[in-house]
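Visitor: Pasting in a structure now, in structure tokens, and then I'll have a few things to ask.
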Amino acid sequence: MQNDVHSTPSLAEAARWQARDLAVLWHPCTQMREHPNTLPLVPIAHGEGAWLTGMDGRRYLDAVSSWWTNIHGHAEPRIAEAIARQARSLEQVILAGFSHEPAIELAERLLAIAPRQPDRAPLAKVFYADNGSAGVEVALKMAFHWFLNAGEPRRTRFVALENGYHGETLGALSVGDIPLYRRTYAPLLSECLFAPTPDAYLAVDGEDAEARALAAADLLATMFDRYPGEICAVIVEPLLQCAGGMRMYHPAYLRRVRELCDAHGAFFIADEIATGFGRTGTLFACEQAGVQPDFMCVSKGLTGGFLPLAAVLTTQSVYDGFLDDSRERAFLHSHSYTGNPLACAAALASLDIFERDEVISHNQATSRLMQEHAASIAQLPHIADARQLGMVCAFELTRDGDKSMPFDPALRIGLRAYRAALERGVILRPLGDTLYWMPPYCVDDAALELLADVTEHAIREAITCV
């Protein structure tokens with residue numbers, strides 16, 4: 001019998017669901033041996049706004065937007081209604097040879113709001129996929145295949161950033177550089193060239209963020225010189241390397257990437273999966289550099305966190321490169337649920353909210369509140385760096401606040417902080433020893449005050465073991 005999410009909560013009820021879960025489920029990004037003791041398993045009954053409620057009745061502030069997807073808040077009624085309305089009409093149809101209104105309208109609206117650069121042909125076509133990793137696969141395959149169709153089979157190399165992340169499928173993992181995810185599967189991965197990261201945290205000798213970015217761009221330029229006519233595309237997370245520890249960099253780097261790709265005839269792929277839809281302070285992070293990529297991948301916040309969907313936006317020129325009498329020159333990549341009507345309806349409702357609620361200007365005000373609440377945490381003795389980009393704040397924990405003295409990974413300082421925060425009703429899922437805030441956009445000042453207080457307490461409690 002299905003559980004009534006509004007039934008009377010209790011510790012016994014939560015324990016029953018924990019036991020049922022552990023009997024059958026294998027959770028993502030988790031060493032299952034850590035459940036249920038080292039890593040608490042929290043069965044959730046329902047959500048509302050920035051909050052989740054557990055089976056035991058406890059409320060949790062979702063400070064990480066449920067893996068960066070839920071931008072407008074849980075159970076947002078306008079999106080829920082749009083999905084219900086669409087479900088009564090059409091729930092799914094094959095998108096090969098068929099079409100439907102939500103897929104068409106969403107493509108039109110995405111292209112209308114995509115970044116634009118003067119004197120460049122705008123992004124003009126949309127290819128749907130099921131999730132962020134799948135969207136990256138589409139962009140990589142499409143870029144390579146375009147050059148093959150164009151008679152340039154030597155263009156097989158991709159350049160990505162050190163410390164970057166683009167997903168867990170094999171193609172996306174090939175262009176990622178986080179050892180924890182990559183190392184095990186290295187024998188299965190395609191070769192990729194990794195350029196030095198423009199990460200401002202790594203600035204040395206008095207460099208500011210812009211100088212660090214431009215120095216990294218100069219090193220990227222040497223890679224083009226080293227492999228003339230062989231580089232297919234450069235793929236980056238614009239301004240924010242999320243899984244790499246919420247590391248941030250100056251927009252000047254993106255401008256140089258655009259220039260270098262143009263100069264050497266390569267494509268520029270912007271992975272806006274986590275950075276898109278208002279997270280960095282603008283609708284898309286590329287806007288802050290004034291650049292337009294050749295491919296832009298979006299997912300996560302695309303549907304407001306309701307349903308899986310990804311979209312790859314590209315140019316008319318790329319599209320035209322696949323038009324031919326031969327099916328081998330067509331782009332035959334597919335997913336069963338490509339352009340699912342329910343997901344497209346959710347995305348359209350999310351875009352409506354952006355317009356009606358003036359979300360970007362609201363976020364800019366909220367980001368100022370976040371900055372105020374983060375100020376006291378930045379002064380704690382174990383914070384080596386406190387940084388912010390739009391609706392993202394990150395705190396780097398090291399010994400005595402010294403960048404050169406990270407904690408021993410065996411201490412698991414980040415995990416200790418996570419558990420301490422969870423006990424006080426805040427979800428802070430760390431990236432190593434980096435804590436971050438990435439809350440839904442509906443978070444209010446009272447919730448931010450709680451978030452700051454709990455974060456400070458969690459950090460203090462985590463370092464008592466040192």
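As shown in the structure tokens, the chain order sets the letters A, B, ...; within each chain, residues go from 1, and ligands are also counted from 1 in the order they appear.
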I'd like the neighbourhood of Leu170 in chain A as a VMD selection string, where a residue qualifies if any of its atoms comes within 12 Å (using only C-alpha atoms), though same-chain residues fewer than 2 positions away should be ignored.

Guide: chain A and resid 133 to 134 136 to 137 140 to 141 166 to 168 172 to 176 181 to 182 184 to 191

Visitor: What would the file look like if the residues just selected were written as a compact mmCIF listing (two decimals), in the first residue's frame with C-alpha atoms?

Guide:
```
# COMPACT_ATOMS: atom_id res chain seq x y z
CA SER A 133 25.08 13.84 -18.95
CA ALA A 134 23.06 12.78 -21.98
CA VAL A 136 26.79 16.57 -22.99
CA GLU A 137 27.00 13.30 -24.96
CA LEU A 140 30.30 15.94 -28.06
CA LYS A 141 29.01 13.53 -30.68
CA HIS A 166 30.31 17.16 -17.11
CA GLY A 167 28.51 13.99 -16.04
CA GLU A 168 28.86 10.27 -15.44
CA ALA A 172 30.84 13.04 -20.42
CA LEU A 173 33.19 11.36 -17.96
CA SER A 174 35.96 11.46 -20.58
CA VAL A 175 35.91 15.25 -20.52
CA GLY A 176 35.74 15.39 -16.71
CA TYR A 181 34.67 9.82 -10.48
CA ARG A 182 37.16 9.28 -13.32
CA THR A 184 38.13 3.79 -11.79
CA TYR A 185 36.81 4.01 -15.34
CA ALA A 186 39.93 5.49 -16.96
CA PRO A 187 40.55 2.43 -19.19
CA LEU A 188 37.10 2.90 -20.74
CA LEU A 189 37.40 6.61 -21.45
CA SER A 190 38.33 8.51 -24.59
CA GLU A 191 41.46 10.63 -24.50
```

Visitor: Which residues, written as number ranges by chain, have at least one atom at most 6 Å from range 262-269 of chain A, with only C-alpha atoms counted and residues fewer than 5 positions away on the same chain left out?

Guide: A: 232-235, 293-296

Visitor: Excluding same-chain residues fewer than 4 positions from Lys300 in chain A, what lies within 8 Å of it counting only C-alpha atoms, as a ChimeraX atom specification?

Guide: /A:68-70,131-132,273-274,304-305,308-310

Visitor: Which one is closest to Cys442 in chain A: A:Ala82, A:Ala75, A:Ala289, A:Leu22? Count only C-alpha atoms.

Guide: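 With only C-alpha atoms as the atom set, the closest residue is A:Ala75.
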
Visitor: Quick one: distance from CA of Gly49 in chain A to CA of His74 in chain A in Å, one decimal?

Guide: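 Taking CA of Gly49 in chain A and CA of His74 in chain A, their separation equals 4.7 Å.
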
Visitor: List the spatial neighbours of Leu220 in chain A as a ChimeraX atom specification - criterion: any atom at most 12 Å away, only C-alpha atoms, same-chain residues fewer than 3 positions off excluded.

Guide: /A:159-162,193-198,213-217,223-227,231,234-235,253-254,256-261,264

Visitor: Select from range 137-217 of chain A everything DSSP, run on the backbone, classes as alpha helix (DSSP H), then give the selection as an MDAnalysis selection string.

Guide: chainID A and resid 137:149 170:174 179:182 209:217
